[in-house]
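Taking it in order: structure first as structure tokens, then the write-up.
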Amino acid sequence: NNAYIFPSIGLAKVACNIERIDDQILIEASKNLAQSVKPVDNTESLYPDWKNIKEISINMASSISQYAYNNKLSKINVDKQTIENKWWK
């Protein structure tokens with residue numbers, strides 16, 4: 001799960017300048033990762049298919065960014081497109 005969660009937290013941090021990473025951000029990321037697992041994926045792994053890492057990371061970063069903004073951990077409200085534009089190439 002580290003390969004999914006921590007890069008997504010970093011992406012959210014960069015995209016909306018999160019001031020502090022609290023425990024709830026880790027919980028939000030974990031919930032989002034769990035929701036990304038499809039029944040087909042479950043037959044081979046507890047994690048989503050690696051080929052979808054970009055989409056999963058952007059969705060997770062978007063969720064984390066929204067949480068951070070709503071809970072005053074960030075003063076910047078960003079949309080999913082902004083986060084996608086921050087994706088490292």
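Each chain in the structure tokens gets a letter, A, B and so on, in the order shown; residues start at 1 in every chain, and ligands are counted from 1 in the order they appear.
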
- Compile the contact shell of segment 43-57 of chain A as JSON, numbers by chain: residues with an atom at most 7 Å away, counting only C-alpha atoms, same-chain residues fewer than 4 positions apart removed. {"A": [4, 8, 36, 37, 38, 61]}

- Query: Can you tell me, as a ChimeraX atom specification, what residues are no more than 10 Å from segment 14-29 of chain A when counting only C-alpha atoms, ignoring any on the same chain fewer than 3 positions away?
  - Reply: /A:1,4-6,8-11,32-35,57,59-69,72-80,82-87
